[in-house]
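Student: So here's query19.cif (mmCIF, C-alpha atoms).
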```
data_protein
loop_
_atom_site.group_PDB
_atom_site.id
_atom_site.type_symbol
_atom_site.label_atom_id
_atom_site.label_comp_id
_atom_site.auth_asym_id
_atom_site.auth_seq_id
_atom_site.Cartn_x
_atom_site.Cartn_y
_atom_site.Cartn_z
ATOM 1 C CA MET A 1 0.000 0.000 0.000
ATOM 2 C CA SER A 2 1.316 3.425 -0.960
ATOM 3 C CA THR A 3 1.532 5.818 1.960
ATOM 4 C CA SER A 4 2.169 9.057 0.058
ATOM 5 C CA LEU A 5 -0.920 10.580 -1.495
ATOM 6 C CA ASN A 6 -1.660 13.212 -4.081
ATOM 7 C CA VAL A 7 -4.842 14.993 -3.015
ATOM 8 C CA ALA A 8 -7.034 17.579 -4.749
ATOM 9 C CA LEU A 9 -9.470 19.991 -3.134
ATOM 10 C CA VAL A 10 -12.382 21.009 -5.352
ATOM 11 C CA ALA A 11 -14.372 23.658 -3.516
ATOM 12 C CA GLU A 12 -14.782 27.374 -3.057
ATOM 13 C CA PHE A 13 -11.926 29.238 -1.387
ATOM 14 C CA ASP A 14 -13.258 29.406 2.194
ATOM 15 C CA LEU A 15 -13.934 25.681 2.340
ATOM 16 C CA CYS A 16 -10.589 24.848 0.705
ATOM 17 C CA GLU A 17 -8.883 26.738 3.522
ATOM 18 C CA LYS A 18 -10.759 24.748 6.161
ATOM 19 C CA LEU A 19 -10.056 21.451 4.419
ATOM 20 C CA ALA A 20 -6.347 22.225 4.140
ATOM 21 C CA GLU A 21 -6.170 23.144 7.834
ATOM 22 C CA THR A 22 -7.933 19.910 8.787
ATOM 23 C CA LEU A 23 -5.733 17.774 6.512
ATOM 24 C CA GLU A 24 -2.656 19.156 8.261
ATOM 25 C CA GLN A 25 -3.922 17.503 11.462
ATOM 26 C CA SER A 26 -4.946 14.211 9.825
ATOM 27 C CA CYS A 27 -3.164 10.865 9.682
ATOM 28 C CA LEU A 28 -3.043 10.904 5.877
ATOM 29 C CA GLU A 29 0.461 10.939 4.389
ATOM 30 C CA ILE A 30 0.049 13.649 1.757
ATOM 31 C CA GLU A 31 2.886 14.114 -0.703
ATOM 32 C CA LYS A 32 1.194 16.873 -2.655
ATOM 33 C CA LEU A 33 -1.969 18.920 -2.176
ATOM 34 C CA SER A 34 -3.533 20.801 -5.083
ATOM 35 C CA VAL A 35 -6.590 22.990 -5.480
ATOM 36 C CA VAL A 36 -8.882 22.665 -8.487
ATOM 37 C CA GLU A 37 -10.787 25.907 -8.896
ATOM 38 C CA LEU A 38 -14.394 24.812 -9.080
ATOM 39 C CA PHE A 39 -15.181 28.490 -8.563
ATOM 40 C CA PRO A 40 -12.382 30.848 -9.729
ATOM 41 C CA PHE A 41 -10.351 32.368 -6.891
ATOM 42 C CA SER A 42 -9.451 36.042 -6.832
ATOM 43 C CA GLU A 43 -5.801 37.046 -7.259
ATOM 44 C CA GLU A 44 -5.221 37.495 -3.526
ATOM 45 C CA GLN A 45 -6.758 34.140 -2.599
ATOM 46 C CA GLY A 46 -4.221 31.377 -2.114
ATOM 47 C CA ILE A 47 -4.176 28.165 -0.076
ATOM 48 C CA ARG A 48 -1.247 27.088 2.091
ATOM 49 C CA PHE A 49 -0.546 23.573 3.326
ATOM 50 C CA ASN A 50 2.242 22.798 5.796
ATOM 51 C CA ASN A 51 3.557 26.350 5.296
ATOM 52 C CA LYS A 52 3.832 25.978 1.528
ATOM 53 C CA SER A 53 1.744 27.503 -1.245
ATOM 54 C CA VAL A 54 -0.655 25.096 -2.897
ATOM 55 C CA GLU A 55 -0.861 24.765 -6.673
ATOM 56 C CA GLN A 56 -4.150 26.011 -8.140
ATOM 57 C CA LEU A 57 -5.437 24.289 -11.279
ATOM 58 C CA PRO A 58 -8.190 25.295 -13.725
ATOM 59 C CA LEU A 59 -11.105 22.868 -13.590
ATOM 60 C CA ASP A 60 -11.204 22.066 -17.311
ATOM 61 C CA GLU A 61 -7.442 21.430 -17.534
ATOM 62 C CA THR A 62 -7.133 19.053 -14.579
ATOM 63 C CA GLU A 63 -5.652 15.572 -15.096
ATOM 64 C CA TRP A 64 -7.724 13.677 -12.548
ATOM 65 C CA SER A 65 -5.578 10.559 -12.833
ATOM 66 C CA ASP A 66 -2.791 12.465 -11.055
ATOM 67 C CA PHE A 67 -4.673 12.189 -7.757
ATOM 68 C CA ASN A 68 -5.434 9.483 -5.237
ATOM 69 C CA TYR A 69 -8.219 11.398 -3.464
ATOM 70 C CA VAL A 70 -10.410 14.263 -4.581
ATOM 71 C CA PHE A 71 -12.419 16.204 -1.984
ATOM 72 C CA PHE A 72 -15.351 17.514 -4.024
ATOM 73 C CA ALA A 73 -17.730 20.161 -2.656
ATOM 74 C CA GLY A 74 -19.880 21.071 -5.624
ATOM 75 C CA ASP A 75 -23.572 20.825 -6.374
ATOM 76 C CA VAL A 76 -25.553 18.682 -8.792
ATOM 77 C CA THR A 77 -24.466 20.854 -11.740
ATOM 78 C CA HIS A 78 -20.892 19.662 -11.161
ATOM 79 C CA ALA A 79 -21.745 15.944 -11.097
ATOM 80 C CA ALA A 80 -20.146 15.361 -14.514
ATOM 81 C CA HIS A 81 -16.774 16.557 -13.204
ATOM 82 C CA MET A 82 -17.148 14.292 -10.181
ATOM 83 C CA ALA A 83 -17.887 11.315 -12.439
ATOM 84 C CA LYS A 84 -14.911 12.143 -14.675
ATOM 85 C CA ALA A 85 -12.584 12.189 -11.668
ATOM 86 C CA ALA A 86 -13.923 8.859 -10.428
ATOM 87 C CA GLN A 87 -13.600 7.276 -13.880
ATOM 88 C CA ALA A 88 -9.960 8.396 -13.976
ATOM 89 C CA GLY A 89 -9.300 6.122 -11.000
ATOM 90 C CA CYS A 90 -9.134 8.473 -8.027
ATOM 91 C CA VAL A 91 -11.446 8.151 -5.036
ATOM 92 C CA VAL A 92 -13.914 11.032 -4.837
ATOM 93 C CA ILE A 93 -15.035 12.188 -1.391
ATOM 94 C CA ASP A 94 -18.404 13.778 -2.166
ATOM 95 C CA LEU A 95 -18.627 16.334 0.641
ATOM 96 C CA LYS A 96 -22.189 17.589 0.109
ATOM 97 C CA GLY A 97 -24.141 14.446 -0.683
ATOM 98 C CA VAL A 98 -24.568 15.142 -4.400
ATOM 99 C CA CYS A 99 -24.332 11.398 -5.149
ATOM 100 C CA ALA A 100 -26.157 10.293 -1.984
ATOM 101 C CA SER A 101 -29.206 8.992 -3.840
ATOM 102 C CA LEU A 102 -27.209 6.539 -5.976
ATOM 103 C CA ASN A 103 -27.672 2.983 -4.748
ATOM 104 C CA ASP A 104 -24.061 2.002 -5.445
ATOM 105 C CA VAL A 105 -22.512 5.001 -3.672
ATOM 106 C CA PRO A 106 -21.971 4.484 0.085
ATOM 107 C CA LEU A 107 -23.370 7.271 2.262
ATOM 108 C CA ILE A 108 -21.217 7.444 5.388
ATOM 109 C CA VAL A 109 -21.067 9.541 8.552
ATOM 110 C CA PRO A 110 -17.721 8.566 10.115
ATOM 111 C CA SER A 111 -18.007 6.589 13.382
ATOM 112 C CA ILE A 112 -21.786 6.253 12.878
ATOM 113 C CA ASN A 113 -22.204 3.762 10.024
ATOM 114 C CA ASP A 114 -18.646 2.814 9.023
ATOM 115 C CA GLU A 115 -19.807 -0.761 8.454
ATOM 116 C CA GLN A 116 -21.724 0.381 5.354
ATOM 117 C CA LEU A 117 -18.454 1.249 3.589
ATOM 118 C CA VAL A 118 -18.109 -2.160 1.952
ATOM 119 C CA VAL A 119 -17.101 -1.477 -1.645
ATOM 120 C CA LEU A 120 -16.629 1.571 -3.873
ATOM 121 C CA GLN A 121 -18.166 0.487 -7.163
ATOM 122 C CA ARG A 122 -18.005 4.003 -8.636
ATOM 123 C CA ASN A 123 -14.885 5.221 -6.773
ATOM 124 C CA ILE A 124 -17.213 7.665 -4.976
ATOM 125 C CA VAL A 125 -18.180 7.833 -1.312
ATOM 126 C CA SER A 126 -20.536 10.502 0.016
ATOM 127 C CA LEU A 127 -21.041 12.470 3.164
ATOM 128 C CA PRO A 128 -24.697 13.467 3.532
ATOM 129 C CA ASP A 129 -25.929 17.010 3.258
ATOM 130 C CA PRO A 130 -24.636 18.879 6.351
ATOM 131 C CA GLN A 131 -28.168 19.007 7.791
ATOM 132 C CA VAL A 132 -28.331 15.220 7.698
ATOM 133 C CA THR A 133 -24.749 14.708 8.887
ATOM 134 C CA GLN A 134 -25.283 16.844 11.969
ATOM 135 C CA PHE A 135 -28.646 15.300 12.827
ATOM 136 C CA VAL A 136 -27.493 11.690 12.316
ATOM 137 C CA PHE A 137 -24.367 12.304 14.396
ATOM 138 C CA SER A 138 -26.589 13.367 17.298
ATOM 139 C CA VAL A 139 -29.135 10.509 17.263
ATOM 140 C CA SER A 140 -27.186 7.329 16.482
ATOM 141 C CA GLN A 141 -27.949 5.613 19.803
ATOM 142 C CA PHE A 142 -31.562 6.760 19.796
ATOM 143 C CA ALA A 143 -32.013 5.290 16.329
ATOM 144 C CA ARG A 144 -30.506 1.949 17.320
ATOM 145 C CA GLU A 145 -32.207 1.492 20.679
ATOM 146 C CA ASN A 146 -35.653 3.101 20.384
ATOM 147 C CA THR A 147 -38.591 2.746 18.023
ATOM 148 C CA LEU A 148 -39.209 6.359 17.075
ATOM 149 C CA SER A 149 -42.738 7.206 15.946
ATOM 150 C CA GLN A 150 -42.101 10.901 15.293
ATOM 151 C CA VAL A 151 -38.881 12.705 14.339
ATOM 152 C CA LEU A 152 -38.881 16.450 13.612
ATOM 153 C CA VAL A 153 -35.771 18.417 12.664
ATOM 154 C CA THR A 154 -35.858 22.203 12.309
ATOM 155 C CA SER A 155 -32.684 23.478 10.629
ATOM 156 C CA LEU A 156 -31.694 27.136 10.881
ATOM 157 C CA LEU A 157 -29.389 27.607 7.912
ATOM 158 C CA PRO A 158 -26.658 30.274 7.841
ATOM 159 C CA ALA A 159 -25.463 32.116 4.745
ATOM 160 C CA SER A 160 -22.399 29.858 4.564
ATOM 161 C CA TYR A 161 -24.686 26.852 4.021
ATOM 162 C CA ILE A 162 -25.357 28.273 0.528
ATOM 163 C CA ASP A 163 -21.897 29.624 -0.389
ATOM 164 C CA SER A 164 -19.344 32.307 0.435
ATOM 165 C CA ASP A 165 -20.947 34.707 -2.053
ATOM 166 C CA THR A 166 -24.110 34.612 0.076
ATOM 167 C CA VAL A 167 -22.011 35.419 3.158
ATOM 168 C CA ASN A 168 -20.684 38.499 1.359
ATOM 169 C CA LYS A 169 -24.189 39.480 0.252
ATOM 170 C CA LEU A 170 -25.468 39.232 3.827
ATOM 171 C CA ALA A 171 -22.637 41.475 5.026
ATOM 172 C CA GLY A 172 -23.301 43.999 2.256
ATOM 173 C CA GLN A 173 -27.057 44.086 2.801
ATOM 174 C CA THR A 174 -26.610 44.470 6.556
ATOM 175 C CA ALA A 175 -24.335 47.478 6.078
ATOM 176 C CA GLN A 176 -26.638 48.935 3.425
ATOM 177 C CA LEU A 177 -29.768 48.699 5.573
ATOM 178 C CA LEU A 178 -28.020 50.020 8.678
ATOM 179 C CA ASN A 179 -27.085 53.075 6.631
ATOM 180 C CA GLY A 180 -30.705 53.616 5.609
ATOM 181 C CA ILE A 181 -30.249 52.539 1.989
ATOM 182 C CA PRO A 182 -33.118 50.348 0.748
ATOM 183 C CA LEU A 183 -32.455 47.136 -1.168
ATOM 184 C CA ASP A 184 -33.474 46.619 -4.763
ATOM 185 C CA GLU A 185 -36.923 45.047 -4.910
ATOM 186 C CA GLU A 186 -35.734 42.068 -6.980
ATOM 187 C CA GLN A 187 -33.016 41.125 -4.473
ATOM 188 C CA GLN A 188 -33.493 38.159 -2.159
ATOM 189 C CA ARG A 189 -33.422 39.843 1.227
ATOM 190 C CA LEU A 190 -30.928 38.148 3.535
ATOM 191 C CA ALA A 191 -30.311 40.763 6.233
ATOM 192 C CA PHE A 192 -32.757 41.031 9.147
ATOM 193 C CA ASP A 193 -35.066 38.449 7.563
ATOM 194 C CA VAL A 194 -35.739 34.732 7.206
ATOM 195 C CA PHE A 195 -36.963 32.657 4.284
ATOM 196 C CA PRO A 196 -37.623 28.975 3.518
ATOM 197 C CA SER A 197 -35.052 26.764 1.824
ATOM 198 C CA PRO A 198 -35.880 25.438 -1.654
ATOM 199 C CA LYS A 199 -34.074 22.167 -0.903
ATOM 200 C CA SER A 200 -36.359 19.152 -0.970
ATOM 201 C CA PRO A 201 -37.043 17.850 2.564
ATOM 202 C CA ALA A 202 -37.825 14.459 1.022
ATOM 203 C CA SER A 203 -34.278 14.162 -0.312
ATOM 204 C CA LEU A 204 -32.880 14.873 3.150
ATOM 205 C CA ALA A 205 -35.205 12.300 4.709
ATOM 206 C CA ALA A 206 -34.103 9.755 2.087
ATOM 207 C CA GLN A 207 -30.469 10.283 3.079
ATOM 208 C CA VAL A 208 -31.316 9.631 6.723
ATOM 209 C CA GLU A 209 -33.178 6.459 5.776
ATOM 210 C CA LYS A 210 -30.230 5.221 3.693
ATOM 211 C CA ILE A 211 -28.049 5.410 6.821
ATOM 212 C CA PHE A 212 -30.706 4.278 9.319
ATOM 213 C CA PRO A 213 -33.491 2.363 7.502
ATOM 214 C CA GLN A 214 -35.491 2.360 10.742
ATOM 215 C CA LEU A 215 -35.766 6.174 10.537
ATOM 216 C CA SER A 216 -38.249 6.321 7.676
ATOM 217 C CA ASN A 217 -40.390 9.105 9.146
ATOM 218 C CA VAL A 218 -38.040 12.088 9.585
ATOM 219 C CA ILE A 219 -39.495 15.495 8.729
ATOM 220 C CA PHE A 220 -37.105 18.380 8.015
ATOM 221 C CA HIS A 221 -38.125 22.020 8.359
ATOM 222 C CA GLN A 222 -35.543 24.376 6.813
ATOM 223 C CA VAL A 223 -35.257 28.117 7.354
ATOM 224 C CA HIS A 224 -32.488 30.434 6.162
ATOM 225 C CA VAL A 225 -31.579 32.922 8.879
ATOM 226 C CA PRO A 226 -29.395 36.082 8.869
ATOM 227 C CA VAL A 227 -26.384 34.344 10.443
ATOM 228 C CA PHE A 228 -23.008 34.207 8.683
ATOM 229 C CA TYR A 229 -21.645 30.837 9.872
ATOM 230 C CA GLY A 230 -22.937 27.969 12.010
ATOM 231 C CA MET A 231 -25.977 25.744 11.618
ATOM 232 C CA ALA A 232 -28.421 25.205 14.484
ATOM 233 C CA GLN A 233 -31.046 22.478 14.691
ATOM 234 C CA MET A 234 -33.912 21.719 17.043
ATOM 235 C CA VAL A 235 -34.654 17.990 17.178
ATOM 236 C CA THR A 236 -37.826 16.421 18.592
ATOM 237 C CA LEU A 237 -38.030 12.650 19.103
ATOM 238 C CA ARG A 238 -41.092 10.687 20.231
ATOM 239 C CA SER A 239 -41.675 6.992 20.723
ATOM 240 C CA GLU A 240 -44.798 4.905 21.142
ATOM 241 C CA TYR A 241 -43.131 3.217 24.101
ATOM 242 C CA GLU A 242 -41.202 4.237 27.192
ATOM 243 C CA PHE A 243 -38.233 6.249 25.992
ATOM 244 C CA ASP A 244 -34.706 5.455 27.154
ATOM 245 C CA ALA A 245 -32.334 8.390 26.630
ATOM 246 C CA GLN A 246 -29.541 7.261 28.935
ATOM 247 C CA ALA A 247 -27.462 5.401 26.320
ATOM 248 C CA GLN A 248 -27.428 8.423 24.012
ATOM 249 C CA LEU A 249 -26.502 10.812 26.834
ATOM 250 C CA GLN A 250 -23.595 8.550 27.754
ATOM 251 C CA ALA A 251 -22.536 8.383 24.103
ATOM 252 C CA TRP A 252 -22.523 12.196 23.874
ATOM 253 C CA GLN A 253 -20.472 12.494 27.053
ATOM 254 C CA ALA A 254 -17.931 9.907 25.845
ATOM 255 C CA ASN A 255 -17.494 11.345 22.340
ATOM 256 C CA GLU A 256 -14.569 13.757 22.037
ATOM 257 C CA LEU A 257 -16.253 15.409 19.037
ATOM 258 C CA VAL A 258 -19.342 16.315 21.073
ATOM 259 C CA ASP A 259 -19.705 19.110 23.618
ATOM 260 C CA TYR A 260 -22.769 18.178 25.673
ATOM 261 C CA ARG A 261 -24.086 20.881 27.996
ATOM 262 C CA GLU A 262 -27.025 19.724 30.051
ATOM 263 C CA ALA A 263 -27.917 23.122 31.467
ATOM 264 C CA SER A 264 -27.162 25.467 28.567
ATOM 265 C CA ALA A 265 -27.108 25.702 24.781
ATOM 266 C CA LEU A 266 -24.731 27.476 22.438
ATOM 267 C CA THR A 267 -26.028 29.578 19.562
ATOM 268 C CA PRO A 268 -24.243 29.812 16.188
ATOM 269 C CA VAL A 269 -22.600 33.142 17.041
ATOM 270 C CA THR A 270 -21.464 32.162 20.545
ATOM 271 C CA ASN A 271 -20.250 28.864 19.100
ATOM 272 C CA GLY A 272 -18.086 30.711 16.586
ATOM 273 C CA GLU A 273 -16.651 32.876 19.344
ATOM 274 C CA ALA A 274 -16.041 29.896 21.630
ATOM 275 C CA GLU A 275 -14.309 27.844 18.922
ATOM 276 C CA ALA A 276 -11.933 30.538 17.678
ATOM 277 C CA GLY A 277 -8.649 28.673 17.318
ATOM 278 C CA GLU A 278 -10.119 25.490 18.808
ATOM 279 C CA ALA A 279 -11.038 22.167 17.236
ATOM 280 C CA PRO A 280 -14.632 22.130 15.947
ATOM 281 C CA LYS A 281 -17.252 20.100 17.782
ATOM 282 C CA LEU A 282 -20.946 19.357 17.713
ATOM 283 C CA HIS A 283 -22.500 21.271 20.608
ATOM 284 C CA ILE A 284 -25.645 19.771 22.140
ATOM 285 C CA GLY A 285 -27.804 21.262 24.881
ATOM 286 C CA GLY A 286 -31.252 22.535 25.767
ATOM 287 C CA LEU A 287 -32.406 19.029 26.623
ATOM 288 C CA THR A 288 -36.117 18.805 27.445
ATOM 289 C CA ALA A 289 -37.934 15.620 28.452
ATOM 290 C CA LEU A 290 -41.229 14.898 26.710
ATOM 291 C CA GLU A 291 -43.772 12.147 27.237
ATOM 292 C CA ASN A 292 -42.093 9.130 25.620
ATOM 293 C CA GLY A 293 -39.561 11.403 24.004
ATOM 294 C CA MET A 294 -37.216 14.349 24.209
ATOM 295 C CA GLN A 295 -36.172 17.546 22.501
ATOM 296 C CA PHE A 296 -32.705 19.047 22.190
ATOM 297 C CA TRP A 297 -30.748 21.773 20.439
ATOM 298 C CA LEU A 298 -27.522 21.296 18.497
ATOM 299 C CA VAL A 299 -25.087 23.694 16.861
ATOM 300 C CA ALA A 300 -21.967 23.256 14.746
ATOM 301 C CA ASP A 301 -19.923 25.196 12.229
ATOM 302 C CA GLU A 302 -21.265 23.269 9.252
ATOM 303 C CA GLN A 303 -18.149 23.973 7.165
ATOM 304 C CA ARG A 304 -15.500 23.172 9.773
ATOM 305 C CA PHE A 305 -17.297 20.288 11.527
ATOM 306 C CA ASP A 306 -19.880 18.718 9.186
ATOM 307 C CA ILE A 307 -17.834 19.071 5.984
ATOM 308 C CA ALA A 308 -14.118 19.587 6.659
ATOM 309 C CA LEU A 309 -13.596 17.538 9.823
ATOM 310 C CA LEU A 310 -15.952 14.669 9.021
ATOM 311 C CA GLY A 311 -14.932 14.735 5.351
ATOM 312 C CA VAL A 312 -11.298 14.221 6.298
ATOM 313 C CA LYS A 313 -12.282 11.492 8.764
ATOM 314 C CA LEU A 314 -14.174 9.810 5.931
ATOM 315 C CA ALA A 315 -11.046 9.961 3.767
ATOM 316 C CA GLU A 316 -9.050 8.410 6.622
ATOM 317 C CA LEU A 317 -11.582 5.595 6.820
ATOM 318 C CA VAL A 318 -11.364 5.039 3.056
ATOM 319 C CA TYR A 319 -7.569 5.040 3.283
ATOM 320 C CA GLN A 320 -7.558 2.512 6.127
ATOM 321 C CA LYS A 321 -9.611 0.173 3.928
ATOM 322 C CA GLY A 322 -7.023 0.478 1.155
ATOM 323 C CA TYR A 323 -9.067 2.387 -1.418
ATOM 324 C CA GLY A 324 -7.274 4.881 -3.663
ATOM 325 C CA THR A 325 -3.748 4.139 -2.434
ATOM 326 C CA ILE A 326 -2.423 3.083 -5.837
ATOM 327 C CA ARG A 327 -2.393 5.682 -8.594
ATOM 328 C CA THR A 328 -3.682 4.743 -11.987
ATOM 329 C CA ASN A 329 -1.283 6.932 -14.015
#
```
In structure tokens, how does this file's structure come out?

Tutor:
Amino acid sequence: MSTSLNVALVAEFDLCEKLAETLEQSCLEIEKLSVVELFPFSEEQGIRFNNKSVEQLPLDETEWSDFNYVFFAGDVTHAAHMAKAAQAGCVVIDLKGVCASLNDVPLIVPSINDEQLVVLQRNIVSLPDPQVTQFVFSVSQFARENTLSQVLVTSLLPASYIDSDTVNKLAGQTAQLLNGIPLDEEQQRLAFDVFPSPKSPASLAAQVEKIFPQLSNVIFHQVHVPVFYGMAQMVTLRSEYEFDAQAQLQAWQANELVDYREASALTPVTNGEAEAGEAPKLHIGGLTALENGMQFWLVADEQRFDIALLGVKLAELVYQKGYGTIRTN
């Protein structure tokens, strides 16, 4: 098995930075890291890895066979590029669940359903959509040990959930409105407002069911909120029988990636302040007991935790199983 890897990051600039930072802390032996500009970077935007500048490649000129692993954070319009990379022989880590609905593509949340990573028929393995990743990470023991009759997930989506351009638009609109300048009528108002997500809740529920077939009744409510970074979710679980939460509470307390606070709950902004310079975690709190059920609140930086950290852990899992360690060129 080769231990030195050539790795490509295919994402917008902000996420590439977070992926590179996370890869520096990983157990992967990376010989060379490159960036493929899925969205063109500006002149001043450059990625560094282990104190060295990272090569930036145009998307249409990339030789995919040069790479062992490709971290791909595009949307469905970029699926052809993802398929081309996989056909060239490199393993594609689909970071946003674009290929999640394909029967022959494993859908994995690291440490939750690792056993489902059996074979890579297409050379593609997917993380779910960040909403699903975060929710599934929080309810693994509940799903295994209780028969849940009702599961409701309300996701409060920040601007970064869409893209970095939306983050910039939120900042610009906020400044504009604070200075008394009205927005153009045709603009989607982001600042000081909320609006529903166009993403299909059925597709999110299908991803959950692919990981946990017993969770076939999850309902997602999705609302975009005027927050720059950090996704919050309120989860309600009910069972037809007596509900045992103790195993899940113990699992939260034992998991180094989870910050469980029984008496308090972080918000996206306070989470960002608390994690400055620290390793990202899933923060869980606001626990409320219900009749045969419970409700709780969870917050994470969806880019640093749900995508970058768990995406790299997924690549480590793939590597440990021997996939993508021999180049095809």

Student: Going by the chain IDs and residue numbers used in this file, which residues fall under the PyMOL selection byres ((chain A and resi 114-118) around 10)? Write them as a PyMOL selection string.

Tutor: chain A and resi 105-113+119-121+125+210-211+314+317-318+321

Student: Once the PyMOL selection byres ((chain A and resi 300-302) around 6) has been applied to the shown file, what residues remain in the selection, as a PyMOL selection string?

Tutor: chain A and resi 230-231+282+299+303-306

Student: On this structure, the PyMOL selection byres ((chain A and resi 308-310) around 12) would catch which residues? List them as a tab-separated table (two decimals) with C-alpha atoms, in the coordinates of the input, sorted by chain and number.

Tutor:
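Final output, out09.tsv:
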```tsv
chain	number	residue	atom	x	y	z
A	9	LEU	CA	-9.47	19.99	-3.13
A	11	ALA	CA	-14.37	23.66	-3.52
A	14	ASP	CA	-13.26	29.41	2.19
A	15	LEU	CA	-13.93	25.68	2.34
A	16	CYS	CA	-10.59	24.85	0.70
A	17	GLU	CA	-8.88	26.74	3.52
A	18	LYS	CA	-10.76	24.75	6.16
A	19	LEU	CA	-10.06	21.45	4.42
A	20	ALA	CA	-6.35	22.22	4.14
A	21	GLU	CA	-6.17	23.14	7.83
A	22	THR	CA	-7.93	19.91	8.79
A	23	LEU	CA	-5.73	17.77	6.51
A	24	GLU	CA	-2.66	19.16	8.26
A	25	GLN	CA	-3.92	17.50	11.46
A	26	SER	CA	-4.95	14.21	9.82
A	71	PHE	CA	-12.42	16.20	-1.98
A	72	PHE	CA	-15.35	17.51	-4.02
A	73	ALA	CA	-17.73	20.16	-2.66
A	93	ILE	CA	-15.04	12.19	-1.39
A	94	ASP	CA	-18.40	13.78	-2.17
A	95	LEU	CA	-18.63	16.33	0.64
A	96	LYS	CA	-22.19	17.59	0.11
A	108	ILE	CA	-21.22	7.44	5.39
A	109	VAL	CA	-21.07	9.54	8.55
A	110	PRO	CA	-17.72	8.57	10.12
A	111	SER	CA	-18.01	6.59	13.38
A	112	ILE	CA	-21.79	6.25	12.88
A	126	SER	CA	-20.54	10.50	0.02
A	127	LEU	CA	-21.04	12.47	3.16
A	128	PRO	CA	-24.70	13.47	3.53
A	129	ASP	CA	-25.93	17.01	3.26
A	130	PRO	CA	-24.64	18.88	6.35
A	133	THR	CA	-24.75	14.71	8.89
A	134	GLN	CA	-25.28	16.84	11.97
A	137	PHE	CA	-24.37	12.30	14.40
A	257	LEU	CA	-16.25	15.41	19.04
A	279	ALA	CA	-11.04	22.17	17.24
A	280	PRO	CA	-14.63	22.13	15.95
A	281	LYS	CA	-17.25	20.10	17.78
A	282	LEU	CA	-20.95	19.36	17.71
A	300	ALA	CA	-21.97	23.26	14.75
A	301	ASP	CA	-19.92	25.20	12.23
A	302	GLU	CA	-21.26	23.27	9.25
A	303	GLN	CA	-18.15	23.97	7.16
A	304	ARG	CA	-15.50	23.17	9.77
A	305	PHE	CA	-17.30	20.29	11.53
A	306	ASP	CA	-19.88	18.72	9.19
A	307	ILE	CA	-17.83	19.07	5.98
A	311	GLY	CA	-14.93	14.74	5.35
A	312	VAL	CA	-11.30	14.22	6.30
A	313	LYS	CA	-12.28	11.49	8.76
A	314	LEU	CA	-14.17	9.81	5.93
A	315	ALA	CA	-11.05	9.96	3.77
A	316	GLU	CA	-9.05	8.41	6.62
A	317	LEU	CA	-11.58	5.60	6.82
```

Student: Show which residues sit within 10 Å of Thr288 (chain A), as an NGL selection string. Count only C-alpha atoms, and ignore same-chain residues fewer than 4 positions away.

Tutor: :A and (236 or 262 or 293-297)

Student: Take the residues from that selection and write them out as a PDB file, in the coordinates of the input, keeping C-alpha atoms.

Tutor:
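Dumped to out.pdb:
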```
ATOM      1  CA  THR A 236     -37.826  16.421  18.592  1.00  0.00           C
ATOM      2  CA  GLU A 262     -27.025  19.724  30.051  1.00  0.00           C
ATOM      3  CA  GLY A 293     -39.561  11.403  24.004  1.00  0.00           C
ATOM      4  CA  MET A 294     -37.216  14.349  24.209  1.00  0.00           C
ATOM      5  CA  GLN A 295     -36.172  17.546  22.501  1.00  0.00           C
ATOM      6  CA  PHE A 296     -32.705  19.047  22.190  1.00  0.00           C
ATOM      7  CA  TRP A 297     -30.748  21.773  20.439  1.00  0.00           C
TER       8      TRP A 297
END
```

Student: Would you write out, as CSV, a table of all residues in region 220-284 of chain A that have an atom no more than 6 Å from an atom of region 148-170 of chain A, listing for each the closest atom pair and the distance in Å to one decimal, considering all atoms listed in the file and ordering rows by chain and rising residue number?

Tutor:
```
residue,atom,partner,partner_atom,distance
A:Phe220,CA,A:Val153,CA,4.8
A:His221,CA,A:Thr154,CA,4.6
A:Gln222,CA,A:Ser155,CA,4.9
A:Val223,CA,A:Leu156,CA,5.1
A:His224,CA,A:Leu157,CA,4.5
A:Val225,CA,A:Pro158,CA,5.7
A:Val227,CA,A:Pro158,CA,4.8
A:Phe228,CA,A:Ala159,CA,5.1
A:Tyr229,CA,A:Pro158,CA,5.4
A:Met231,CA,A:Leu157,CA,5.4
A:Ala232,CA,A:Leu156,CA,5.2
A:Gln233,CA,A:Ser155,CA,4.5
A:Met234,CA,A:Thr154,CA,5.1
A:Val235,CA,A:Val153,CA,4.7
A:Thr236,CA,A:Leu152,CA,5.1
A:Leu237,CA,A:Val151,CA,4.8
A:Arg238,CA,A:Gln150,CA,5.0
A:Ser239,CA,A:Leu148,CA,4.4
```

Student: Output, as lines of an AutoDock Vina configuration file, the centre and edge lengths in Å (one decimal) of the axis-aligned box that contains all listed atoms of region 65-76 of chain A with 6 Å of margin on each side.

Tutor:
```
center_x = -14.2
center_y = 15.3
center_z = -7.4
size_x = 34.8
size_y = 23.6
size_z = 22.8
```

Student: Between CA of Asp193 (chain A) and CA of Phe39 (chain A), what is the distance in Å, rounded to a tenth?

Tutor: 27.5 Å

Student: How far is it from CA of Val208 (chain A) to CA of Ser138 (chain A), in Å with one decimal?

Tutor: 12.2 Å

Student: May I ask for the distance between CA of Glu256 (chain A) and CA of Ser140 (chain A), given in Å to one decimal place?

Tutor: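 Here the two named atoms are 15.2 Å from each other.
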
Student: Can you pull out every residue within 7 Å of Leu57 (chain A), counting all atoms listed in the file, but drop anything in the same chain fewer than 6 positions away, and send it as a JSON list (two decimals) with C-alpha atoms, in the frame of the given file?

Tutor:
```json
[["chain", "number", "residue", "atom", "x", "y", "z"],
["A", 35, "VAL", "CA", -6.59, 22.99, -5.48],
["A", 36, "VAL", "CA", -8.88, 22.66, -8.49],
["A", 37, "GLU", "CA", -10.79, 25.91, -8.90]]
```
